[in-house]
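The structure appears below as structure tokens.
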Amino acid sequence: MTVEYIFRPHGNAYSIEKVFNSIIKYISKQNGFCVIRSETTKHKIWPIAMVYNIAKYALKSYCHKRIFHITGDVQYLACLMNPRNTILTIHDIVPLRSKSVPWYSKKLCYWLWYYFPLKRLHVVTCISEATRQDLLSIFPWAESKIAVVPNPVDEAFVYSPKTLNLNYPRILHIGTKANKNLLRVIIALNGQKCHLRIIGKLNHEQRLSLDKNSIDYSNVSGLSDEQLIQEYIEADLISFPSIFEGFGMPIVEGQAVGRPVITSNIEPMISVSGQSAIFVNPYNIDSIRYGFFSHTVSEMQDIINGGLINAGKYSSSNVVKQYIKLYNRLCIIS
């Protein structure tokens, strides 16, 4: 079986690529599978690029006997692709829910990124039950088409034992976008003995808040996979009290390395963590502070042990098995 994984243009971001790199690496080792990678074409006038890519992949899907897997973000490609050999992964519905997205962009996304792809295809996957429910709240007629296949944790994230320093913990915070909730974390750490290690580019408001709250912090961005893993290894606690996620990969990555994760008491974080995390109200400063500093070493160890078990569910082998079942389902349809 040949599977062509379709990615957005190189350089736009890397989260989706990172997830599917793990899948491709594992599925390439399976007997009888041939993997092809392709990227959509960029153009400075984006409507031209969109029309070109829709036509290009529609033609390919009808001319080649292979499975086409749209990995995310460029889901508009599915509008004209062959439903008998095309599968789409949807990561979230942020464009439809975000208040910062203009109404005309929401309309465009509604029809080309969600409605027509869902109408056309036989098989669509979501990375979490929360994303599936978000979709069904808007497109209830698509229920029979949508399956949940979680993101895999890269096999390079392995257990690394460490004696936690809870007297002056190194807190690793992944991400600086608004939904990552960094500003509330900063306020929650005011006056606390800790070092905040932030991964991602800081904006002016975040830097001002760090200085105002006298936070002992360091910041880095653009890390390689190996460097990111080392950040998890050096951390005592993982900070991920996000206010919105399609999945929440840092939860599972932190668990796989063997670190306690502080995350939000909302979905999908509760389900993704297997309830083996410290849960906080992401909108409440006191709750976030309590999550970081009010647990004993023994309690932390119990959380770590549960997290290691939960992380095993997200191994590449388990996730790939689920995708192979869906690929075989498409072969039956075609």
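Labels used: A, B, ... for chains in the order of the structure tokens, numbers from 1 for residues in each chain, and numbers from 1 for ligands as shown.
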Residues flagged alpha helix (DSSP H) by DSSP in segment 65-275 of chain A, as a PyMOL selection string: chain A and resi 94-97+103-108+116-120+129-138+182-188+204-212+225-234+249-257+269-272
Taking 6 positions as the minimum chain separation for residues in the same chain, which residues sit within 8 Å of segment 139-149 of chain A when counting only C-alpha atoms? Answer as a ChimeraX atom specification. /A:115,118-119,121-129,132,319,322-323
The selected residues should be written to file as a CSV table (one decimal), in the first residue's frame (atoms: C-alpha atoms).
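Final output, part.csv:
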```csv
chain,number,residue,atom,x,y,z
A,115,TYR,CA,-18.2,21.9,5.5
A,118,LEU,CA,-16.7,16.8,5.7
A,119,LYS,CA,-19.4,16.5,3.1
A,121,LEU,CA,-14.9,12.5,2.4
A,122,HIS,CA,-15.8,9.1,3.8
A,123,VAL,CA,-13.1,9.1,6.5
A,124,VAL,CA,-12.1,12.0,8.7
A,125,THR,CA,-10.0,11.9,11.8
A,126,CYS,CA,-9.7,14.2,14.8
A,127,ILE,CA,-6.8,14.2,17.3
A,128,SER,CA,-9.1,14.2,20.4
A,129,GLU,CA,-12.6,13.5,21.5
A,132,ARG,CA,-14.7,15.6,17.5
A,319,VAL,CA,-1.5,5.2,16.7
A,322,GLN,CA,-5.4,2.9,14.1
A,323,TYR,CA,-4.5,4.7,10.9
```
With only C-alpha atoms as the basis for distance, which of A:Ile198, A:Ile70, A:Val272, A:Ile324 is at the shortest distance from Ser218 of chain A?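 Under the stated criterion, the closest residue is A:Ile198.
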Which residues come within 9 Å of Ile262 of chain A, counting only C-alpha atoms, excluding same-chain residues fewer than 6 positions away, as a VMD selection string? chain A and resid 237 to 241 251 277 to 280 288 291 to 292
Selected residues, N, CA and C atoms, written as an mmCIF file, in the first residue's frame, please.
```
data_model
loop_
_atom_site.group_PDB
_atom_site.id
_atom_site.type_symbol
_atom_site.label_atom_id
_atom_site.label_comp_id
_atom_site.auth_asym_id
_atom_site.auth_seq_id
_atom_site.Cartn_x
_atom_site.Cartn_y
_atom_site.Cartn_z
ATOM 1 N N LEU A 237 9.040 20.497 36.738
ATOM 2 C CA LEU A 237 7.599 20.540 36.514
ATOM 3 C C LEU A 237 7.327 21.025 35.097
ATOM 4 N N ILE A 238 6.238 20.526 34.510
ATOM 5 C CA ILE A 238 5.818 20.975 33.177
ATOM 6 C C ILE A 238 4.568 21.835 33.324
ATOM 7 N N SER A 239 4.649 23.046 32.794
ATOM 8 C CA SER A 239 3.540 24.000 32.885
ATOM 9 C C SER A 239 2.742 24.004 31.591
ATOM 10 N N PHE A 240 1.459 23.589 31.694
ATOM 11 C CA PHE A 240 0.618 23.584 30.502
ATOM 12 C C PHE A 240 -0.860 23.849 30.859
ATOM 13 N N PRO A 241 -1.126 24.977 31.542
ATOM 14 C CA PRO A 241 -2.509 25.316 31.892
ATOM 15 C C PRO A 241 -3.210 26.065 30.756
ATOM 16 N N ILE A 251 1.641 17.592 27.278
ATOM 17 C CA ILE A 251 1.191 16.759 28.402
ATOM 18 C C ILE A 251 1.804 15.370 28.293
ATOM 19 N N ALA A 277 -2.322 13.935 36.079
ATOM 20 C CA ALA A 277 -1.701 15.256 36.053
ATOM 21 C C ALA A 277 -2.243 16.057 37.226
ATOM 22 N N ILE A 278 -1.668 17.228 37.434
ATOM 23 C CA ILE A 278 -2.196 18.157 38.438
ATOM 24 C C ILE A 278 -3.098 19.129 37.696
ATOM 25 N N PHE A 279 -4.370 19.138 38.048
ATOM 26 C CA PHE A 279 -5.343 19.945 37.316
ATOM 27 C C PHE A 279 -5.622 21.262 38.034
ATOM 28 N N VAL A 280 -5.671 22.333 37.227
ATOM 29 C CA VAL A 280 -5.938 23.667 37.760
ATOM 30 C C VAL A 280 -7.004 24.349 36.917
ATOM 31 N N ILE A 288 -3.737 28.085 39.792
ATOM 32 C CA ILE A 288 -2.494 27.786 39.089
ATOM 33 C C ILE A 288 -1.329 27.745 40.073
ATOM 34 N N GLY A 291 -1.401 24.612 42.123
ATOM 35 C CA GLY A 291 -0.972 23.454 41.353
ATOM 36 C C GLY A 291 0.534 23.290 41.323
ATOM 37 N N PHE A 292 1.255 24.397 41.291
ATOM 38 C CA PHE A 292 2.714 24.340 41.228
ATOM 39 C C PHE A 292 3.365 24.013 42.573
#
```
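Proximity ranking of A:Val297, A:Ala178, A:Ala130, A:Leu210 relative to Ile270 of chain A places A:Ala130 first, based on only C-alpha atoms.
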Residue with smallest distance to Lys65 of chain A - pool A:Leu164, A:Val94, A:Val257, A:Val3, counting only C-alpha atoms: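 Of A:Leu164, A:Val94, A:Val257, A:Val3, the one nearest Lys65 of chain A, counting only C-alpha atoms, is A:Val3.
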Find the distance between atom CA of Gly32 of chain A and atom CA of Tyr57 of chain A and write it in Å to one decimal.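 Computing the Euclidean distance for atom CA of Gly32 of chain A and atom CA of Tyr57 of chain A yields 24.0 Å.
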Run DSSP on the backbone and grab whatever in segment 165-288 of chain A lands in strand (DSSP E or B); send it over as a ChimeraX atom specification. /A:170-174,195-199,217-220,237-240,261-264,278-280
If we count only C-alpha atoms and set the cut-off at 12 Å, which residues sit around Gly306 of chain A, ignoring sequence neighbours fewer than 3 positions away in its own chain? Please answer as number ranges by chain. A: 252, 254-256, 258-261, 273-278, 299-303, 309-313
Keeping N, CA and C atoms, export the residues of the selection given above as a compact mmCIF listing (two decimals), in the first residue's frame.
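The result, written out as selection27.txt:
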```txt
# COMPACT_ATOMS: atom_id res chain seq x y z
N VAL A 252 1.64 14.74 27.14
CA VAL A 252 2.11 13.37 26.94
C VAL A 252 3.63 13.33 26.89
N GLY A 254 5.72 15.32 28.47
CA GLY A 254 6.18 15.44 29.85
C GLY A 254 6.00 14.14 30.62
N GLN A 255 4.85 13.50 30.43
CA GLN A 255 4.59 12.23 31.09
C GLN A 255 5.59 11.16 30.65
N ALA A 256 5.89 11.11 29.35
CA ALA A 256 6.80 10.09 28.82
C ALA A 256 8.20 10.23 29.41
N GLY A 258 8.77 11.49 32.35
CA GLY A 258 8.66 11.23 33.78
C GLY A 258 8.64 12.48 34.62
N ARG A 259 7.90 13.49 34.14
CA ARG A 259 7.78 14.73 34.90
C ARG A 259 6.31 15.02 35.21
N PRO A 260 6.02 15.55 36.40
CA PRO A 260 4.64 15.92 36.71
C PRO A 260 4.19 17.10 35.85
N VAL A 261 2.98 17.01 35.33
CA VAL A 261 2.44 18.03 34.43
C VAL A 261 1.31 18.77 35.13
N SER A 273 -4.48 13.48 29.31
CA SER A 273 -3.58 13.17 30.42
C SER A 273 -3.91 11.86 31.11
N GLY A 274 -5.07 11.27 30.78
CA GLY A 274 -5.48 10.07 31.49
C GLY A 274 -5.72 10.35 32.96
N GLN A 275 -5.99 11.62 33.29
CA GLN A 275 -6.20 12.09 34.66
C GLN A 275 -4.97 11.88 35.53
N SER A 276 -3.81 11.72 34.90
CA SER A 276 -2.54 11.59 35.65
C SER A 276 -1.75 12.89 35.52
N ALA A 277 -2.32 13.94 36.08
CA ALA A 277 -1.70 15.26 36.05
C ALA A 277 -2.24 16.06 37.23
N ILE A 278 -1.67 17.23 37.43
CA ILE A 278 -2.20 18.16 38.44
C ILE A 278 -3.10 19.13 37.70
N GLU A 299 3.23 12.65 46.42
CA GLU A 299 2.11 12.91 45.51
C GLU A 299 2.61 13.09 44.08
N MET A 300 3.71 13.79 43.94
CA MET A 300 4.29 13.99 42.61
C MET A 300 4.70 12.65 41.98
N GLN A 301 5.25 11.76 42.80
CA GLN A 301 5.69 10.47 42.28
C GLN A 301 4.51 9.64 41.80
N ASP A 302 3.41 9.70 42.52
CA ASP A 302 2.19 8.99 42.08
C ASP A 302 1.72 9.52 40.72
N ILE A 303 1.79 10.83 40.56
CA ILE A 303 1.39 11.46 39.30
C ILE A 303 2.33 11.03 38.17
N ILE A 309 2.31 5.42 32.55
CA ILE A 309 1.36 4.44 32.02
C ILE A 309 0.51 5.05 30.92
N ASN A 310 0.04 6.28 31.17
CA ASN A 310 -0.81 6.95 30.18
C ASN A 310 -0.06 7.23 28.88
N ALA A 311 1.20 7.64 28.98
CA ALA A 311 1.99 7.97 27.79
C ALA A 311 2.13 6.77 26.86
N GLY A 312 2.11 5.57 27.45
CA GLY A 312 2.22 4.36 26.64
C GLY A 312 1.09 4.20 25.64
N LYS A 313 -0.07 4.77 25.94
CA LYS A 313 -1.22 4.68 25.03
C LYS A 313 -0.98 5.47 23.75
```
Counting only C-alpha atoms, which residues of segment 151-213 of chain A sit at most 12 Å from some atom of segment 222-230 of chain A, and what is each one's closest atom pair with its distance in Å to one decimal, listed by chain and rising residue number, as JSON lines?
```
{"residue": "A:Val153", "atom": "CA", "partner": "A:Ile229", "partner_atom": "CA", "distance": 11.5}
{"residue": "A:Asp154", "atom": "CA", "partner": "A:Asp225", "partner_atom": "CA", "distance": 9.6}
{"residue": "A:Glu155", "atom": "CA", "partner": "A:Ile229", "partner_atom": "CA", "distance": 10.9}
{"residue": "A:Ala156", "atom": "CA", "partner": "A:Ile229", "partner_atom": "CA", "distance": 7.8}
{"residue": "A:Phe157", "atom": "CA", "partner": "A:Ile229", "partner_atom": "CA", "distance": 6.5}
{"residue": "A:Val158", "atom": "CA", "partner": "A:Ile229", "partner_atom": "CA", "distance": 9.0}
{"residue": "A:Tyr159", "atom": "CA", "partner": "A:Ile229", "partner_atom": "CA", "distance": 10.8}
{"residue": "A:Ser160", "atom": "CA", "partner": "A:Gln230", "partner_atom": "CA", "distance": 10.0}
{"residue": "A:Leu172", "atom": "CA", "partner": "A:Leu228", "partner_atom": "CA", "distance": 10.5}
{"residue": "A:His173", "atom": "CA", "partner": "A:Leu228", "partner_atom": "CA", "distance": 11.6}
{"residue": "A:Ile174", "atom": "CA", "partner": "A:Leu228", "partner_atom": "CA", "distance": 9.7}
{"residue": "A:Gly175", "atom": "CA", "partner": "A:Gly222", "partner_atom": "CA", "distance": 11.3}
{"residue": "A:Arg197", "atom": "CA", "partner": "A:Leu228", "partner_atom": "CA", "distance": 11.6}
{"residue": "A:Ile198", "atom": "CA", "partner": "A:Leu228", "partner_atom": "CA", "distance": 11.3}
{"residue": "A:Ile199", "atom": "CA", "partner": "A:Leu223", "partner_atom": "CA", "distance": 8.4}
{"residue": "A:Gly200", "atom": "CA", "partner": "A:Gly222", "partner_atom": "CA", "distance": 7.4}
{"residue": "A:Lys201", "atom": "CA", "partner": "A:Gly222", "partner_atom": "CA", "distance": 8.6}
```
Would you output that residue set with C-alpha atoms, as an mmCIF file, in the first residue's frame?
```cif
data_model
loop_
_atom_site.group_PDB
_atom_site.id
_atom_site.type_symbol
_atom_site.label_atom_id
_atom_site.label_comp_id
_atom_site.auth_asym_id
_atom_site.auth_seq_id
_atom_site.Cartn_x
_atom_site.Cartn_y
_atom_site.Cartn_z
ATOM 1 C CA VAL A 153 4.456 10.828 21.298
ATOM 2 C CA ASP A 154 7.814 10.618 19.563
ATOM 3 C CA GLU A 155 9.759 7.507 20.544
ATOM 4 C CA ALA A 156 12.702 9.744 21.493
ATOM 5 C CA PHE A 157 10.749 10.904 24.571
ATOM 6 C CA VAL A 158 11.738 8.228 27.084
ATOM 7 C CA TYR A 159 11.714 8.030 30.864
ATOM 8 C CA SER A 160 14.587 9.928 32.481
ATOM 9 C CA LEU A 172 9.133 24.354 31.856
ATOM 10 C CA HIS A 173 6.410 26.306 30.049
ATOM 11 C CA ILE A 174 5.783 25.236 26.446
ATOM 12 C CA GLY A 175 4.384 27.862 24.081
ATOM 13 C CA ARG A 197 11.971 28.267 31.511
ATOM 14 C CA ILE A 198 9.882 29.490 28.586
ATOM 15 C CA ILE A 199 9.930 27.857 25.135
ATOM 16 C CA GLY A 200 8.731 30.199 22.389
ATOM 17 C CA LYS A 201 9.087 33.807 21.279
#
```
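Residue nearest Ala235 of chain A within the list A:Tyr168, A:Tyr76, A:Trp113, A:Phe33: A:Tyr168 [criterion: smallest interatomic distance, only C-alpha atoms].
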Kindly give the distance, in Å, that separates atom CA of Val74 of chain A and atom CA of Ile87 of chain A, rounded to a single decimal. 12.4 Å
With a distance cut-off of 10 Å and only C-alpha atoms, select the neighbouring residues of Ser15 of chain A, excluding the residue or stretch itself and same-chain residues fewer than 5 positions from it, and output the selection as a PyMOL selection string. chain A and resi 20-21+249
d(atom CA of Asn53 of chain A, atom CA of Thr41 of chain A) in Å: 6.5 Å
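The shortest atom-to-atom distance to Asn151 of chain A, with only C-alpha atoms taken into account, belongs to A:Val19 out of A:Leu59, A:Val19, A:Val35, A:Leu112.
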Find the residues near Cys34 of chain A: any atom within 10 Å, counting only C-alpha atoms, skip ones fewer than 2 places away on the same chain, and give them as number ranges by chain. A: 1-4, 24, 27-32, 36, 66
Write to file, as a PDB file, in the first residue's frame, the residues of the selection just made, with N, CA and C atoms.
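Saved result, again-v3.pdb, follows:
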```
ATOM      1  N   MET A   1       0.851  -1.201   0.000  1.00  0.00           N
ATOM      2  CA  MET A   1       0.000   0.000   0.000  1.00  0.00           C
ATOM      3  C   MET A   1       0.883   1.245   0.000  1.00  0.00           C
ATOM      4  N   THR A   2       0.553   2.188  -0.862  1.00  0.00           N
ATOM      5  CA  THR A   2       1.273   3.466  -0.907  1.00  0.00           C
ATOM      6  C   THR A   2       0.415   4.545  -0.258  1.00  0.00           C
ATOM      7  N   VAL A   3       1.027   5.311   0.652  1.00  0.00           N
ATOM      8  CA  VAL A   3       0.327   6.405   1.323  1.00  0.00           C
ATOM      9  C   VAL A   3       1.093   7.696   1.080  1.00  0.00           C
ATOM     10  N   GLU A   4       0.412   8.683   0.521  1.00  0.00           N
ATOM     11  CA  GLU A   4       1.020   9.998   0.321  1.00  0.00           C
ATOM     12  C   GLU A   4       0.509  10.953   1.388  1.00  0.00           C
ATOM     13  N   ILE A  24       5.066   8.695  10.118  1.00  0.00           N
ATOM     14  CA  ILE A  24       5.728   8.274   8.882  1.00  0.00           C
ATOM     15  C   ILE A  24       6.936   7.391   9.182  1.00  0.00           C
ATOM     16  N   ILE A  27       5.476   3.942  10.226  1.00  0.00           N
ATOM     17  CA  ILE A  27       4.737   3.204   9.190  1.00  0.00           C
ATOM     18  C   ILE A  27       5.659   2.791   8.047  1.00  0.00           C
ATOM     19  N   SER A  28       6.753   3.540   7.849  1.00  0.00           N
ATOM     20  CA  SER A  28       7.708   3.188   6.799  1.00  0.00           C
ATOM     21  C   SER A  28       8.381   1.846   7.067  1.00  0.00           C
ATOM     22  N   LYS A  29       8.392   1.450   8.346  1.00  0.00           N
ATOM     23  CA  LYS A  29       9.037   0.195   8.730  1.00  0.00           C
ATOM     24  C   LYS A  29       8.104  -1.010   8.561  1.00  0.00           C
ATOM     25  N   GLN A  30       6.818  -0.746   8.286  1.00  0.00           N
ATOM     26  CA  GLN A  30       5.860  -1.829   8.179  1.00  0.00           C
ATOM     27  C   GLN A  30       5.960  -2.493   6.803  1.00  0.00           C
ATOM     28  N   ASN A  31       5.862  -3.798   6.799  1.00  0.00           N
ATOM     29  CA  ASN A  31       5.899  -4.543   5.541  1.00  0.00           C
ATOM     30  C   ASN A  31       4.719  -4.162   4.649  1.00  0.00           C
ATOM     31  N   GLY A  32       4.994  -3.970   3.367  1.00  0.00           N
ATOM     32  CA  GLY A  32       3.925  -3.700   2.409  1.00  0.00           C
ATOM     33  C   GLY A  32       3.522  -2.240   2.305  1.00  0.00           C
ATOM     34  N   ILE A  36       5.074   8.381   0.717  1.00  0.00           N
ATOM     35  CA  ILE A  36       5.449   9.547  -0.087  1.00  0.00           C
ATOM     36  C   ILE A  36       5.073  10.798   0.703  1.00  0.00           C
ATOM     37  N   ARG A  66      -3.378   5.217  -4.759  1.00  0.00           N
ATOM     38  CA  ARG A  66      -2.718   5.268  -3.456  1.00  0.00           C
ATOM     39  C   ARG A  66      -3.653   5.954  -2.465  1.00  0.00           C
TER      40      ARG A  66
END
```
Do you know which residues are at most 12 Å from Tyr110 of chain A counting only C-alpha atoms, after dropping those on the same chain fewer than 4 positions away, and could you put them as a list in words?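 That gives Gln75, Tyr76, Ile93, Val94, Pro95, Leu96, Arg97, Val101, Trp103, Tyr104, Ser105, Lys106, Tyr114, Tyr115, Phe116, Pro117, Leu118, Lys119, Leu135, Ile138 and Phe139 of chain A.
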So which one's closest to Asn181 of chain A, A:Ala58, A:Tyr232, A:Asn284, A:Thr131? Using only C-alpha atoms, please. A:Asn284
